Amino acid sequence: MKILSGNSNRPLAEAISACLNTPLTKAAIRRFSDLEVFVEILENVRGEDVFIIQSTSYPANDNLMELLVSIDALRRGSAQRITAVIPYYGYARQDRKTGPRTPISAKLVANLVTTAGADRVLTMDLHAGQIQGFFDVPTDNLFAAPVFLKDIEENRADGEELVIVSPDVGGVVRARAIAKRLGAELAIIDKRREKAGVSEVMHIIGDVKDRRCILVDDIVDSAGTLCNAADALMQDGAKSVQAYSTHGVLSGGAVARVSASPLESLVTTDSIQATEAMRVAHNIRQITIAPLLAEAILRIAENRSVSSLFD
């Protein structure tokens, strides 16, 4: 087994490498003067089971191209099997036609990864589960829920009443699964989104008065949805509001928005490398998914069950 890292999230790749006690494969990934991507694998990979770790986060197009070129380099280097480990799968929010003459970019990217030569894909908390079907190769979609559950339990006071809140109807299944494991109640934000990046809280379904509320989502980008939801929950009498989101995109002024919001804390995973603004924010922190990904990689390499990780 060999592990190759792209440039999008090298700290996560190094943490996974440490968990598996397997050094990262040496490679040169650089740009020509016109920013064209060039990849050279500096070790023999012939007949090897290779895992390439690369999130397609900001800058999404550059990181995606790095992934595709790296896969092609491995294929031409005669790797036996290439698994694309994509902790954050960019373009996942474009999983359907939202209007006439609009693309389904999540399917296009899946085609690109498959055509480049990936034999398998390992990712985490896809925006929509059906994106697994966009790939024509085996695809494992891990869940951050076990990592979140452990963190929530460690920070839970004895006898404290929790309410798990889904910030929209689409996230109810995710929130319900966590609420069931914690023995907590479920609340739902009835949200209307007029356009991308702009949302308005319409109504809260469920009782949140004098309770600690935990918002659960897969992606936090502009943070408008989370901050609006936190405001609405506090106005409805919530004792406190925290948020857990797998992928902390946090683009534009999102970090400042979270810092100024009623959110006691926003917890994200390190599927996307933290920016300096995130690291210094008083109410944003990251927890690692490296052990979870490392265990999944080991099971794939040994042809063991990955789904049993969540039993």
# chains A, B, ... in the order shown; residues from 1 in each chain; ligands from 1
call {"tool": "select_by_dssp", "arguments": {"residues": "segment 201-248 of chain A", "states": "strand (DSSP E or B)", "output": "ChimeraX atom specification"}}
result
/A:201-205,212-220,240-248
call {"tool": "select_by_dssp", "arguments": {"residues": "segment 17-247 of chain A", "states": "alpha helix (DSSP H)", "output": "PyMOL selection string"}}
result
chain A and resi 17-20+60-76+105-116+145-154+172-182+224-235
call {"tool": "closest_atom_pairs", "arguments": {"of": "segment 123-226 of chain A", "to": "segment 283-297 of chain A", "cutoff": "9 Å", "atoms": "only C-alpha atoms", "output": "Markdown table"}}
result
| residue | atom | partner | partner_atom | distance |
| --- | --- | --- | --- | --- |
| A:Thr123 | CA | A:Leu293 | CA | 8.8 |
| A:Met124 | CA | A:Leu293 | CA | 8.8 |
| A:Asp140 | CA | A:Ala296 | CA | 9.0 |
| A:Leu142 | CA | A:Leu293 | CA | 8.2 |
| A:Ala144 | CA | A:Ile289 | CA | 7.4 |
| A:Pro146 | CA | A:Leu292 | CA | 9.0 |
| A:Val147 | CA | A:Ile289 | CA | 7.2 |
| A:Phe148 | CA | A:Ile287 | CA | 8.5 |
| A:Asp151 | CA | A:Ile287 | CA | 8.4 |
call {"tool": "closest_residue", "arguments": {"among": "A:Arg31, A:Lys191, A:Arg211, A:Lys2", "to": "Ser17 of chain A", "atoms": "only C-alpha atoms"}}
result
A:Lys2
call {"tool": "closest_residue", "arguments": {"among": "A:Arg304, A:His203, A:Lys150, A:Arg212", "to": "Leu263 of chain A", "atoms": "only C-alpha atoms"}}
result
A:Arg212
call {"tool": "residues_around", "arguments": {"residues": "Ile41 of chain A", "least_positions_apart": "3", "cutoff": "10 Å", "atoms": "only C-alpha atoms", "output": "VMD selection string"}}
result
chain A and resid 4 25 to 29 44 to 45 70 73 to 74 77
